[in-house]
Structure formats: C-alpha cells, structure tokens
>>> print(open('structure-v3.pdb').read())   # PDB, C-alpha atoms and all ligand atoms
MODEL        1
ATOM      1  CA  MET A   1    -118.795  25.394 253.899
ATOM      2  CA  LYS A   2    -115.345  24.466 255.170
ATOM      3  CA  ILE A   3    -112.846  26.360 257.299
ATOM      4  CA  THR A   4    -109.312  24.992 257.405
ATOM      5  CA  ILE A   5    -107.144  25.772 260.412
ATOM      6  CA  ILE A   6    -103.480  26.047 259.454
ATOM      7  CA  SER A   7    -101.136  25.310 262.340
ATOM      8  CA  GLY A   8     -98.018  27.245 261.415
ATOM      9  CA  SER A   9     -95.394  25.588 263.637
ATOM     10  CA  THR A  10     -93.156  22.858 262.208
ATOM     11  CA  ARG A  11     -92.319  21.690 265.765
ATOM     12  CA  GLN A  12     -93.779  18.440 267.075
ATOM     13  CA  GLN A  13     -96.139  18.914 270.074
ATOM     14  CA  SER A  14     -96.278  22.615 269.356
ATOM     15  CA  ALA A  15     -98.413  25.133 271.209
ATOM     16  CA  SER A  16     -99.819  26.149 267.822
ATOM     17  CA  SER A  17    -101.153  22.596 267.302
ATOM     18  CA  ASN A  18    -102.802  22.744 270.741
ATOM     19  CA  VAL A  19    -104.399  26.091 269.924
ATOM     20  CA  SER A  20    -105.592  24.721 266.568
ATOM     21  CA  LEU A  21    -107.369  21.860 268.366
ATOM     22  CA  TYR A  22    -109.029  24.316 270.746
ATOM     23  CA  LEU A  23    -110.161  26.593 267.918
ATOM     24  CA  GLN A  24    -111.542  23.607 265.998
ATOM     25  CA  THR A  25    -113.698  22.659 268.992
ATOM     26  CA  GLN A  26    -114.889  26.253 269.380
ATOM     27  CA  LEU A  27    -115.664  26.560 265.687
ATOM     28  CA  LYS A  28    -117.828  23.428 265.806
ATOM     29  CA  SER A  29    -119.768  24.831 268.752
ATOM     30  CA  ILE A  30    -120.224  28.243 267.098
ATOM     31  CA  SER A  31    -121.569  27.030 263.757
ATOM     32  CA  SER A  32    -123.225  23.799 262.655
ATOM     33  CA  GLU A  33    -122.945  24.964 259.018
ATOM     34  CA  VAL A  34    -119.153  24.745 259.040
ATOM     35  CA  SER A  35    -116.952  21.683 258.690
ATOM     36  CA  THR A  36    -113.347  22.089 259.792
ATOM     37  CA  ASP A  37    -110.025  20.390 259.355
ATOM     38  CA  ILE A  38    -106.485  21.109 260.499
ATOM     39  CA  PHE A  39    -103.520  21.521 258.157
ATOM     40  CA  ASP A  40    -100.613  21.078 260.554
ATOM     41  CA  LEU A  41     -97.207  22.032 259.189
ATOM     42  CA  ALA A  42     -95.582  19.710 261.759
ATOM     43  CA  ASN A  43     -97.207  16.700 260.048
ATOM     44  CA  ILE A  44     -96.538  17.645 256.444
ATOM     45  CA  ASP A  45     -92.968  17.651 255.215
ATOM     46  CA  LEU A  46     -93.146  20.471 252.690
ATOM     47  CA  PRO A  47     -89.912  21.582 250.994
ATOM     48  CA  MET A  48     -88.993  25.224 250.721
ATOM     49  CA  TRP A  49     -90.103  26.293 247.274
ATOM     50  CA  ASP A  50     -87.585  26.719 244.512
ATOM     51  CA  GLU A  51     -88.101  27.073 240.799
ATOM     52  CA  ASN A  52     -87.630  23.331 240.192
ATOM     53  CA  THR A  53     -90.236  22.306 242.777
ATOM     54  CA  ASP A  54     -92.687  19.870 241.210
ATOM     55  CA  LEU A  55     -95.998  21.189 242.497
ATOM     56  CA  THR A  56     -97.952  18.168 241.168
ATOM     57  CA  GLN A  57     -96.584  16.104 244.093
ATOM     58  CA  PHE A  58     -98.757  18.240 246.406
ATOM     59  CA  ALA A  59    -102.062  17.461 244.694
ATOM     60  CA  GLU A  60    -103.593  16.130 247.929
ATOM     61  CA  GLN A  61    -102.614  19.209 249.934
ATOM     62  CA  THR A  62    -103.726  21.527 247.122
ATOM     63  CA  LYS A  63    -107.130  19.808 247.047
ATOM     64  CA  GLN A  64    -107.525  20.065 250.834
ATOM     65  CA  LEU A  65    -106.706  23.795 250.807
ATOM     66  CA  ASN A  66    -108.709  24.485 247.640
ATOM     67  CA  GLU A  67    -111.817  23.011 249.263
ATOM     68  CA  ALA A  68    -111.601  25.494 252.154
ATOM     69  CA  ASP A  69    -113.879  28.537 252.007
ATOM     70  CA  GLY A  70    -112.040  30.292 254.836
ATOM     71  CA  PHE A  71    -108.914  29.890 256.957
ATOM     72  CA  VAL A  72    -107.631  30.330 260.477
ATOM     73  CA  PHE A  73    -103.860  30.799 260.649
ATOM     74  CA  VAL A  74    -102.337  29.851 264.014
ATOM     75  CA  ILE A  75     -98.821  31.275 263.857
ATOM     76  CA  PRO A  76     -96.085  31.114 266.497
ATOM     77  CA  GLU A  77     -93.780  34.077 266.822
ATOM     78  CA  TRP A  78     -90.283  32.888 266.013
ATOM     79  CA  HIS A  79     -87.431  35.399 266.189
ATOM     80  CA  GLY A  80     -90.032  38.132 266.048
ATOM     81  CA  MET A  81     -91.432  36.758 262.770
ATOM     82  CA  ALA A  82     -93.792  34.287 261.218
ATOM     83  CA  PRO A  83     -91.905  30.992 260.591
ATOM     84  CA  PRO A  84     -90.560  30.700 257.031
ATOM     85  CA  ALA A  85     -92.747  27.585 256.560
ATOM     86  CA  VAL A  86     -95.841  29.790 256.821
ATOM     87  CA  LYS A  87     -94.631  32.218 254.164
ATOM     88  CA  ASN A  88     -93.575  29.213 252.050
ATOM     89  CA  LEU A  89     -97.249  28.168 251.826
ATOM     90  CA  PHE A  90     -97.876  31.227 249.672
ATOM     91  CA  PHE A  91     -95.133  30.117 247.271
ATOM     92  CA  LEU A  92     -96.381  26.517 247.055
ATOM     93  CA  PHE A  93    -100.167  27.031 247.207
ATOM     94  CA  GLY A  94    -100.847  30.765 246.701
ATOM     95  CA  SER A  95    -103.930  30.411 244.480
ATOM     96  CA  VAL A  96    -105.892  28.369 247.063
ATOM     97  CA  PHE A  97    -106.322  31.520 249.178
ATOM     98  CA  ARG A  98    -107.831  33.612 246.385
ATOM     99  CA  HIS A  99    -110.691  35.831 247.628
ATOM    100  CA  LYS A 100    -111.072  33.852 250.851
ATOM    101  CA  PRO A 101    -111.202  35.299 254.365
ATOM    102  CA  ALA A 102    -108.681  34.389 257.052
ATOM    103  CA  TYR A 103    -108.397  34.967 260.789
ATOM    104  CA  LEU A 104    -104.911  35.431 262.277
ATOM    105  CA  VAL A 105    -104.189  33.938 265.711
ATOM    106  CA  THR A 106    -100.630  34.136 267.010
ATOM    107  CA  THR A 107     -98.936  32.290 269.855
ATOM    108  CA  SER A 108     -96.060  32.931 272.228
ATOM    109  CA  ALA A 109     -94.759  31.003 275.219
ATOM    110  CA  GLY A 110     -93.875  34.316 276.838
ATOM    111  CA  SER A 111     -95.296  37.785 276.503
ATOM    112  CA  GLY A 112     -94.569  38.203 272.777
ATOM    113  CA  GLY A 113     -96.540  37.011 269.783
ATOM    114  CA  ARG A 114     -97.497  40.318 268.124
ATOM    115  CA  TYR A 115     -95.088  40.573 265.228
ATOM    116  CA  PRO A 116     -96.453  37.907 262.826
ATOM    117  CA  ILE A 117     -99.757  39.825 262.552
ATOM    118  CA  PRO A 118     -98.494  42.942 260.737
ATOM    119  CA  GLU A 119     -96.042  40.771 258.794
ATOM    120  CA  MET A 120     -98.812  38.574 257.392
ATOM    121  CA  ARG A 121    -101.116  41.517 256.748
ATOM    122  CA  MET A 122     -98.394  43.452 254.943
ATOM    123  CA  SER A 123     -96.719  40.859 252.779
ATOM    124  CA  THR A 124     -98.891  37.844 251.928
ATOM    125  CA  TYR A 125    -101.989  39.230 250.247
ATOM    126  CA  LYS A 126    -100.790  40.780 246.982
ATOM    127  CA  ASN A 127    -100.539  37.758 244.692
ATOM    128  CA  SER A 128    -102.678  35.390 246.772
ATOM    129  CA  PHE A 129    -105.672  37.770 247.157
ATOM    130  CA  ILE A 130    -106.233  36.457 250.689
ATOM    131  CA  ASN A 131    -108.448  38.684 252.870
ATOM    132  CA  TYR A 132    -107.548  38.882 256.552
ATOM    133  CA  ILE A 133    -110.539  39.794 258.697
ATOM    134  CA  PRO A 134    -110.058  42.889 260.888
ATOM    135  CA  VAL A 135    -110.064  40.873 264.130
ATOM    136  CA  ASN A 136    -106.878  39.069 265.152
ATOM    137  CA  THR A 137    -105.912  37.438 268.428
ATOM    138  CA  VAL A 138    -102.625  37.092 270.308
ATOM    139  CA  ILE A 139    -102.366  34.169 272.723
ATOM    140  CA  ASP A 140     -99.314  34.819 274.865
ATOM    141  CA  ARG A 141     -98.308  32.591 277.815
ATOM    142  CA  VAL A 142     -99.873  29.999 275.568
ATOM    143  CA  ASN A 143     -98.833  26.894 277.527
ATOM    144  CA  ALA A 144    -100.608  28.189 280.637
ATOM    145  CA  THR A 145    -103.687  28.972 278.541
ATOM    146  CA  ILE A 146    -104.308  25.911 276.341
ATOM    147  CA  SER A 147    -103.220  22.351 277.176
ATOM    148  CA  ALA A 148    -101.739  19.672 274.920
ATOM    149  CA  ASP A 149    -105.275  18.240 274.568
ATOM    150  CA  GLY A 150    -106.599  21.558 273.281
ATOM    151  CA  GLU A 151    -108.385  22.343 276.547
ATOM    152  CA  TYR A 152    -108.644  25.944 277.737
ATOM    153  CA  ILE A 153    -106.954  25.697 281.148
ATOM    154  CA  ALA A 154    -106.658  29.378 282.115
ATOM    155  CA  GLU A 155    -109.564  31.288 283.566
ATOM    156  CA  LYS A 156    -111.773  32.228 280.622
ATOM    157  CA  GLY A 157    -111.652  35.944 279.939
ATOM    158  CA  PHE A 158    -110.496  38.321 277.231
ATOM    159  CA  VAL A 159    -108.525  35.836 275.105
ATOM    160  CA  ALA A 160    -111.244  33.168 275.102
ATOM    161  CA  ASN A 161    -113.881  35.785 274.242
ATOM    162  CA  ARG A 162    -111.653  37.210 271.557
ATOM    163  CA  CYS A 163    -111.194  33.739 269.978
ATOM    164  CA  ASP A 164    -114.969  33.199 269.863
ATOM    165  CA  GLU A 165    -115.496  36.689 268.454
ATOM    166  CA  GLY A 166    -112.890  36.153 265.732
ATOM    167  CA  LEU A 167    -114.292  32.754 264.756
ATOM    168  CA  SER A 168    -117.873  34.090 264.681
ATOM    169  CA  ILE A 169    -116.872  36.985 262.430
ATOM    170  CA  LEU A 170    -114.860  34.613 260.230
ATOM    171  CA  VAL A 171    -117.928  32.376 259.743
ATOM    172  CA  GLU A 172    -119.990  35.358 258.524
ATOM    173  CA  TYR A 173    -117.207  36.585 256.228
ATOM    174  CA  THR A 174    -116.827  33.038 254.900
ATOM    175  CA  LYS A 175    -120.499  32.937 253.912
ATOM    176  CA  ALA A 176    -120.264  36.378 252.261
ATOM    177  CA  PHE A 177    -117.063  35.647 250.369
ATOM    178  CA  LYS A 178    -118.689  32.700 248.576
ATOM    179  CA  GLN A 179    -120.849  35.276 246.837
ATOM    180  CA  ILE A 180    -117.843  37.496 246.100
ATOM    181  CA  ARG A 181    -115.953  34.563 244.530
ATOM    182  CA  SER A 182    -118.835  33.856 242.178
ATOM    183  CA  SER A 183    -119.082  37.450 240.894
ATOM    184  CA  ASP A 184    -118.103  38.328 237.312
ATOM    185  CA  ILE A 185    -115.304  40.730 238.229
ATOM    186  CA  VAL A 186    -113.574  38.098 240.388
ATOM    187  CA  MET A 187    -114.028  35.308 237.836
ATOM    188  CA  GLU A 188    -112.360  37.429 235.119
ATOM    189  CA  LYS A 189    -108.970  37.410 236.930
ATOM    190  CA  ARG A 190    -107.807  40.388 234.866
ATOM    191  CA  PHE A 191    -104.943  41.381 237.183
ATOM    192  CA  PRO A 192    -103.804  37.993 238.530
ATOM    193  CA  ASN A 193    -100.902  39.365 240.565
ATOM    194  CA  GLY A 194    -102.634  42.215 242.315
ATOM    195  CA  VAL A 195    -101.325  45.773 242.092
TER     196      VAL A 195
HETATM  197  C1  LIG B 201     -86.903  29.290 266.660
HETATM  198  C2  LIG B 201     -87.783  29.882 267.731
HETATM  199  C3  LIG B 201     -87.819  31.256 267.911
HETATM  200  C4  LIG B 201     -88.677  31.826 268.866
HETATM  201  N1  LIG B 201     -88.768  33.190 268.940
HETATM  202  C5  LIG B 201     -89.713  33.745 269.740
HETATM  203  C6  LIG B 201     -89.981  35.153 269.675
HETATM  204  O1  LIG B 201     -89.387  35.898 268.919
HETATM  205  N2  LIG B 201     -90.942  35.652 270.473
HETATM  206  C7  LIG B 201     -91.681  34.850 271.321
HETATM  207  O2  LIG B 201     -92.569  35.363 272.005
HETATM  208  N3  LIG B 201     -91.445  33.515 271.404
HETATM  209  C8  LIG B 201     -90.495  32.941 270.620
HETATM  210  N4  LIG B 201     -90.289  31.578 270.637
HETATM  211  C9  LIG B 201     -91.000  30.749 271.597
HETATM  212  C10 LIG B 201     -92.401  30.436 271.139
HETATM  213  O3  LIG B 201     -93.227  31.456 271.639
HETATM  214  C11 LIG B 201     -92.833  29.087 271.682
HETATM  215  O4  LIG B 201     -92.118  28.069 271.023
HETATM  216  C12 LIG B 201     -94.337  28.869 271.628
HETATM  217  O5  LIG B 201     -94.585  27.603 272.192
HETATM  218  C13 LIG B 201     -94.980  28.951 270.242
HETATM  219  O6  LIG B 201     -94.347  28.123 269.300
HETATM  220  P1  LIG B 201     -94.819  26.636 268.917
HETATM  221  O7  LIG B 201     -96.183  26.743 268.312
HETATM  222  O8  LIG B 201     -93.783  26.165 267.952
HETATM  223  O9  LIG B 201     -94.835  25.830 270.200
HETATM  224  C14 LIG B 201     -89.449  30.989 269.699
HETATM  225  C15 LIG B 201     -89.371  29.604 269.532
HETATM  226  C16 LIG B 201     -88.581  29.052 268.563
HETATM  227  C17 LIG B 201     -88.577  27.550 268.353
ENDMDL
END
>>> encode(input="structure-v3.pdb", output="structure tokens")
Amino acid sequence: MKITIISGSTRQQSASSNVSLYLQTQLKSISSEVSTDIFDLANIDLPMWDENTDLTQFAEQTKQLNEADGFVFVIPEWHGMAPPAVKNLFFLFGSVFRHKPAYLVTTSAGSGGRYPIPEMRMSTYKNSFINYIPVNTVIDRVNATISADGEYIAEKGFVANRCDEGLSILVEYTKAFKQIRSSDIVMEKRFPNGV
C-alpha cells in the first residue's frame, strides 16, 4: 500500500516541501504497512496542459501516481487560491486519482492558508473521482512550525496532533478504498465524467 505526498508549491526550498518531509516521517511512524514517496512540483517541470500536450512524455510520473493508493496534498495558499500547478495535475493526470482517498494539508507563512481547502473540495473531484477525507489541516506560520529539514520546531500541540490524526484516518481510508476500487460498480466506469 502506497501513499504519495504531493508537494504543491513550484518554488524551490518551499515550506510545502518541508511539510511534505515532516508528514512522510510521521506517516512512516504511524503505519508500517504503508510505503510513501513525495511528488514535489518544484522538482518536476510540468507544462500547463493544452490540447496538444503529449501525455506519453509523462509516463514515469503517471506510473508513480498510478501506483499510489492514497494521497496527501500539501498546498500553499497563493493569492487566496491553490497554485495553478496543483489544478493542472488534474488536467494532466486526472485518472490516477480515481476512487482514491486524499488528505488536504495547506500552508501559509502568515495567518492564512484556508482558501485552498474549499477550492479543492469543490472543483477537483468531478471527473477525477478523488475522495477527500473529512479531516483537513491548516499549517499557518509554517516557517516557525516546520524547519527546512522537515523537523517540527514549534511546541507540539493542536497542529501536530491534527497532522497525526489526518494521516491515521487516511491510512484506514486507503485500506478501505482498495476494496471499493475492486468492486463491480466501480470497475464498470459507466459515467466516466461524474455527474
Ligand atoms: C505568489 C504567492 C502568493 C501568495 N499568496 C498568499 C496568500 O494569499 N495567503 C497566504 O497566507 N500566503 C500567501 N503567500 C505566502 C505563502 O504563504 C508562503 O510562500 C508559504 O511559505 C507557503 O508557500 P510555499 O510552500 O511556496 O513556501 C503567497 C506566496 C506566493 C509566492
């Protein structure tokens, strides 16, 4: 069982990368059944999709995401939104998320960071069939909370507990969704683009 952590910032040395490292460490300590990897948008030069995009050039990335049974999205709030590169993933790789659970974690250097959560929940699931778990976590003042090495440097309290809670619930959903993906009604794919 594999959970892929998607770091949604295209900036080098981003806070979202640091948070992804921290969550990977936590995930390993929470479950020995899960393997994890990080899909960092700062390290992968993905073009914005257009209708002439040759998707075969992304076979390696498609394989990596296809092999995931669940996802953590670490998303910075930029201009009160999720970065376009995060939404672009659903254009390039939408089918890899099909009937898989995902945990949303958002980051802000200040006291923001809320807006990407409703945005992702509202607009990314229809064609992809991704399932966001009910728990999500906002990490504001992120640079005072998690270091560049992925160490939790603030006093551990609500946010740290919330991260562990979200990851633990994601692990259980990830196990359960394997069964859902193998069911007849899901395999039929009768309405491939949702409602
Ligand atoms: C283009 C851009 C827009 C931003 N807009 C916001 C914002 O709307 N709200 C907010 O709390 N922080 C905003 N920030 C600051 C981020 O919170 C900060 O960069 C933080 O470190 C998370 O982003 P990162 O993962 O790219 O480092 C913005 C940063 C950038 C680069």
>>> resolve_selection(input="structure-v3.pdb", expression="the PyMOL selection byres (((chain A and resi 159) around 12) and not hetatm)", output="list in words")
Val19, Leu23, Val105, Thr106, Thr107, Asn136, Thr137, Val138, Ile139, Asp140, Arg141, Val142, Thr145, Ile146, Tyr152, Ile153, Ala154, Glu155, Lys156, Gly157, Phe158, Ala160, Asn161, Arg162, Cys163, Asp164, Glu165 and Gly166 of chain A
>>> closest_atom_pairs(input="structure-v3.pdb", of="segment 115-170 of chain A", to="segment 72-89 of chain A", cutoff="12 Å", atoms="all atoms listed in the file", output="JSON lines")
{"residue": "A:Tyr115", "atom": "CA", "partner": "A:Gly80", "partner_atom": "CA", "distance": 5.7}
{"residue": "A:Pro116", "atom": "CA", "partner": "A:Ala82", "partner_atom": "CA", "distance": 4.8}
{"residue": "A:Ile117", "atom": "CA", "partner": "A:Ala82", "partner_atom": "CA", "distance": 8.2}
{"residue": "A:Pro118", "atom": "CA", "partner": "A:Met81", "partner_atom": "CA", "distance": 9.6}
{"residue": "A:Glu119", "atom": "CA", "partner": "A:Ala82", "partner_atom": "CA", "distance": 7.3}
{"residue": "A:Met120", "atom": "CA", "partner": "A:Ala82", "partner_atom": "CA", "distance": 7.6}
{"residue": "A:Arg121", "atom": "CA", "partner": "A:Ala82", "partner_atom": "CA", "distance": 11.2}
{"residue": "A:Met122", "atom": "CA", "partner": "A:Lys87", "partner_atom": "CA", "distance": 11.9}
{"residue": "A:Ser123", "atom": "CA", "partner": "A:Lys87", "partner_atom": "CA", "distance": 9.0}
{"residue": "A:Thr124", "atom": "CA", "partner": "A:Lys87", "partner_atom": "CA", "distance": 7.4}
{"residue": "A:Tyr125", "atom": "CA", "partner": "A:Lys87", "partner_atom": "CA", "distance": 10.9}
{"residue": "A:Ser128", "atom": "CA", "partner": "A:Leu89", "partner_atom": "CA", "distance": 10.4}
{"residue": "A:Ile130", "atom": "CA", "partner": "A:Val72", "partner_atom": "CA", "distance": 11.6}
{"residue": "A:Asn131", "atom": "CA", "partner": "A:Val72", "partner_atom": "CA", "distance": 11.3}
{"residue": "A:Tyr132", "atom": "CA", "partner": "A:Val72", "partner_atom": "CA", "distance": 9.4}
{"residue": "A:Ile133", "atom": "CA", "partner": "A:Val72", "partner_atom": "CA", "distance": 10.1}
{"residue": "A:Val135", "atom": "CA", "partner": "A:Val72", "partner_atom": "CA", "distance": 11.4}
{"residue": "A:Asn136", "atom": "CA", "partner": "A:Phe73", "partner_atom": "CA", "distance": 9.9}
{"residue": "A:Thr137", "atom": "CA", "partner": "A:Val74", "partner_atom": "CA", "distance": 9.5}
{"residue": "A:Val138", "atom": "CA", "partner": "A:Ile75", "partner_atom": "CA", "distance": 9.5}
{"residue": "A:Ile139", "atom": "CA", "partner": "A:Pro76", "partner_atom": "CA", "distance": 9.4}
{"residue": "A:Asp140", "atom": "CA", "partner": "A:Pro76", "partner_atom": "CA", "distance": 9.7}
{"residue": "A:Arg141", "atom": "CA", "partner": "A:Pro76", "partner_atom": "CA", "distance": 11.6}
{"residue": "A:Val142", "atom": "CA", "partner": "A:Pro76", "partner_atom": "CA", "distance": 9.9}
{"residue": "A:Cys163", "atom": "CA", "partner": "A:Val72", "partner_atom": "CA", "distance": 10.7}
{"residue": "A:Gly166", "atom": "CA", "partner": "A:Val72", "partner_atom": "CA", "distance": 9.4}
{"residue": "A:Leu167", "atom": "CA", "partner": "A:Val72", "partner_atom": "CA", "distance": 8.3}
{"residue": "A:Ser168", "atom": "CA", "partner": "A:Val72", "partner_atom": "CA", "distance": 11.7}
{"residue": "A:Ile169", "atom": "CA", "partner": "A:Val72", "partner_atom": "CA", "distance": 11.6}
{"residue": "A:Leu170", "atom": "CA", "partner": "A:Val72", "partner_atom": "CA", "distance": 8.4}
>>> write_last_selection(input="structure-v3.pdb", atoms="C-alpha atoms", output="PDB file, in the frame of the given file")
ATOM      1  CA  TYR A 115     -95.088  40.573 265.228  1.00  0.00           C
ATOM      2  CA  PRO A 116     -96.453  37.907 262.826  1.00  0.00           C
ATOM      3  CA  ILE A 117     -99.757  39.825 262.552  1.00  0.00           C
ATOM      4  CA  PRO A 118     -98.494  42.942 260.737  1.00  0.00           C
ATOM      5  CA  GLU A 119     -96.042  40.771 258.794  1.00  0.00           C
ATOM      6  CA  MET A 120     -98.812  38.574 257.392  1.00  0.00           C
ATOM      7  CA  ARG A 121    -101.116  41.517 256.748  1.00  0.00           C
ATOM      8  CA  MET A 122     -98.394  43.452 254.943  1.00  0.00           C
ATOM      9  CA  SER A 123     -96.719  40.859 252.779  1.00  0.00           C
ATOM     10  CA  THR A 124     -98.891  37.844 251.928  1.00  0.00           C
ATOM     11  CA  TYR A 125    -101.989  39.230 250.247  1.00  0.00           C
ATOM     12  CA  SER A 128    -102.678  35.390 246.772  1.00  0.00           C
ATOM     13  CA  ILE A 130    -106.233  36.457 250.689  1.00  0.00           C
ATOM     14  CA  ASN A 131    -108.448  38.684 252.870  1.00  0.00           C
ATOM     15  CA  TYR A 132    -107.548  38.882 256.552  1.00  0.00           C
ATOM     16  CA  ILE A 133    -110.539  39.794 258.697  1.00  0.00           C
ATOM     17  CA  VAL A 135    -110.064  40.873 264.130  1.00  0.00           C
ATOM     18  CA  ASN A 136    -106.878  39.069 265.152  1.00  0.00           C
ATOM     19  CA  THR A 137    -105.912  37.438 268.428  1.00  0.00           C
ATOM     20  CA  VAL A 138    -102.625  37.092 270.308  1.00  0.00           C
ATOM     21  CA  ILE A 139    -102.366  34.169 272.723  1.00  0.00           C
ATOM     22  CA  ASP A 140     -99.314  34.819 274.865  1.00  0.00           C
ATOM     23  CA  ARG A 141     -98.308  32.591 277.815  1.00  0.00           C
ATOM     24  CA  VAL A 142     -99.873  29.999 275.568  1.00  0.00           C
ATOM     25  CA  CYS A 163    -111.194  33.739 269.978  1.00  0.00           C
ATOM     26  CA  GLY A 166    -112.890  36.153 265.732  1.00  0.00           C
ATOM     27  CA  LEU A 167    -114.292  32.754 264.756  1.00  0.00           C
ATOM     28  CA  SER A 168    -117.873  34.090 264.681  1.00  0.00           C
ATOM     29  CA  ILE A 169    -116.872  36.985 262.430  1.00  0.00           C
ATOM     30  CA  LEU A 170    -114.860  34.613 260.230  1.00  0.00           C
TER      31      LEU A 170
END
>>> atom_distance(input="structure-v3.pdb", atom1="atom CA of Ala68 of chain A", atom2="atom CA of Asp37 of chain A")
9.0 Å
>>> closest_residue(input="structure-v3.pdb", among="A:Gly70, A:Pro101, A:Gly8, A:Gly194", to="ligand LIG 201 (chain B)", atoms="all atoms listed in the file")
A:Gly8
>>> atom_distance(input="structure-v3.pdb", atom1="atom CA of Ser14 of chain A", atom2="atom CA of Met48 of chain A")
20.2 Å
>>> closest_residue(input="structure-v3.pdb", among="A:Asp149, A:Leu104, A:Gln12, A:Glu67", to="Thr25 of chain A", atoms="only C-alpha atoms")
A:Asp149
>>> closest_residue(input="structure-v3.pdb", among="A:Thr36, A:Tyr22, A:Tyr103, A:Arg114", to="ligand LIG 201 (chain B)", atoms="all atoms listed in the file")
A:Arg114
>>> axis_aligned_box(input="structure-v3.pdb", around="ligand LIG 201 (chain B)", padding_each_side="5 Å", output="lines of an AutoDock Vina configuration file")
center_x = -91.5
center_y = 30.9
center_z = 269.4
size_x = 19.3
size_y = 20.1
size_z = 15.5
>>> residues_around(input="structure-v3.pdb", residues="Phe191 of chain A", least_positions_apart="2", cutoff="12 Å", atoms="all atoms listed in the file", output="short mmCIF file (atom, residue, chain, number, x, y, z; two decimals) with C-alpha atoms, keeping the file's coordinate frame")
data_model
loop_
_atom_site.label_atom_id
_atom_site.label_comp_id
_atom_site.auth_asym_id
_atom_site.auth_seq_id
_atom_site.Cartn_x
_atom_site.Cartn_y
_atom_site.Cartn_z
CA LYS A 126 -100.79 40.78 246.98
CA ASN A 127 -100.54 37.76 244.69
CA SER A 128 -102.68 35.39 246.77
CA PHE A 129 -105.67 37.77 247.16
CA ILE A 185 -115.30 40.73 238.23
CA VAL A 186 -113.57 38.10 240.39
CA MET A 187 -114.03 35.31 237.84
CA GLU A 188 -112.36 37.43 235.12
CA LYS A 189 -108.97 37.41 236.93
CA ASN A 193 -100.90 39.36 240.56
CA GLY A 194 -102.63 42.22 242.32
CA VAL A 195 -101.32 45.77 242.09
#
>>> atom_distance(input="structure-v3.pdb", atom1="atom C14 of ligand LIG 201 (chain B)", atom2="atom CA of Ile44 of chain A")
20.1 Å
>>> resolve_selection(input="structure-v3.pdb", expression="the PyMOL selection byres (((chain A and resi 33) around 9) and not hetatm)", output="list in words")
Met1, Lys2, Lys28, Ser31, Ser32, Val34, Ser35 and Val171 of chain A
>>> closest_residue(input="structure-v3.pdb", among="A:Ala176, A:Ile6, A:Leu92, A:Ala15", to="ligand LIG 201 (chain B)", atoms="only C-alpha atoms and all ligand atoms")
A:Ala15
>>> closest_residue(input="structure-v3.pdb", among="A:Asp69, A:Asp40, A:Asp45, A:Glu60", to="Arg181 of chain A", atoms="all atoms listed in the file")
A:Asp69
>>> closest_residue(input="structure-v3.pdb", among="A:Ile30, A:Leu55, A:Ala148, A:Ile3", to="ligand LIG 201 (chain B)", atoms="all atoms listed in the file")
A:Ala148
>>> build_atoms(input="structure-v3.pdb", residues="segment 104-116 of chain A", atoms="N, CA, C and O atoms", output="compact mmCIF listing (two decimals), in the frame of the given file")
# COMPACT_ATOMS: atom_id res chain seq x y z
N LEU A 104 -106.28 35.63 261.78
CA LEU A 104 -104.91 35.43 262.28
C LEU A 104 -104.92 35.28 263.80
O LEU A 104 -105.42 36.16 264.51
N VAL A 105 -104.36 34.17 264.27
CA VAL A 105 -104.19 33.94 265.71
C VAL A 105 -102.71 33.64 265.91
O VAL A 105 -102.15 32.77 265.23
N THR A 106 -102.06 34.36 266.82
CA THR A 106 -100.63 34.14 267.01
C THR A 106 -100.35 33.64 268.43
O THR A 106 -101.13 33.88 269.34
N THR A 107 -99.25 32.91 268.56
CA THR A 107 -98.94 32.29 269.86
C THR A 107 -97.52 32.67 270.31
O THR A 107 -96.62 32.87 269.50
N SER A 108 -97.38 32.72 271.63
CA SER A 108 -96.06 32.93 272.23
C SER A 108 -96.04 32.25 273.59
O SER A 108 -97.02 32.30 274.33
N ALA A 109 -94.90 31.62 273.90
CA ALA A 109 -94.76 31.00 275.22
C ALA A 109 -94.59 32.07 276.29
O ALA A 109 -94.92 31.86 277.45
N GLY A 110 -94.09 33.23 275.89
CA GLY A 110 -93.88 34.32 276.84
C GLY A 110 -94.90 35.43 276.65
O GLY A 110 -96.09 35.16 276.50
N SER A 111 -94.38 36.65 276.63
CA SER A 111 -95.30 37.78 276.50
C SER A 111 -95.20 38.43 275.12
O SER A 111 -95.57 39.58 274.93
N GLY A 112 -94.69 37.67 274.14
CA GLY A 112 -94.57 38.20 272.78
C GLY A 112 -95.76 37.80 271.94
O GLY A 112 -96.89 37.73 272.42
N GLY A 113 -95.50 37.55 270.66
CA GLY A 113 -96.54 37.01 269.78
C GLY A 113 -97.21 38.00 268.87
O GLY A 113 -98.06 37.63 268.07
N ARG A 114 -96.80 39.30 268.95
CA ARG A 114 -97.50 40.32 268.12
C ARG A 114 -96.99 40.40 266.69
O ARG A 114 -97.75 40.68 265.77
N TYR A 115 -95.70 40.20 266.51
CA TYR A 115 -95.09 40.57 265.23
C TYR A 115 -95.61 39.84 263.99
O TYR A 115 -95.68 40.42 262.91
N PRO A 116 -95.98 38.56 264.07
CA PRO A 116 -96.45 37.91 262.83
C PRO A 116 -97.72 38.54 262.25
O PRO A 116 -98.00 38.39 261.05
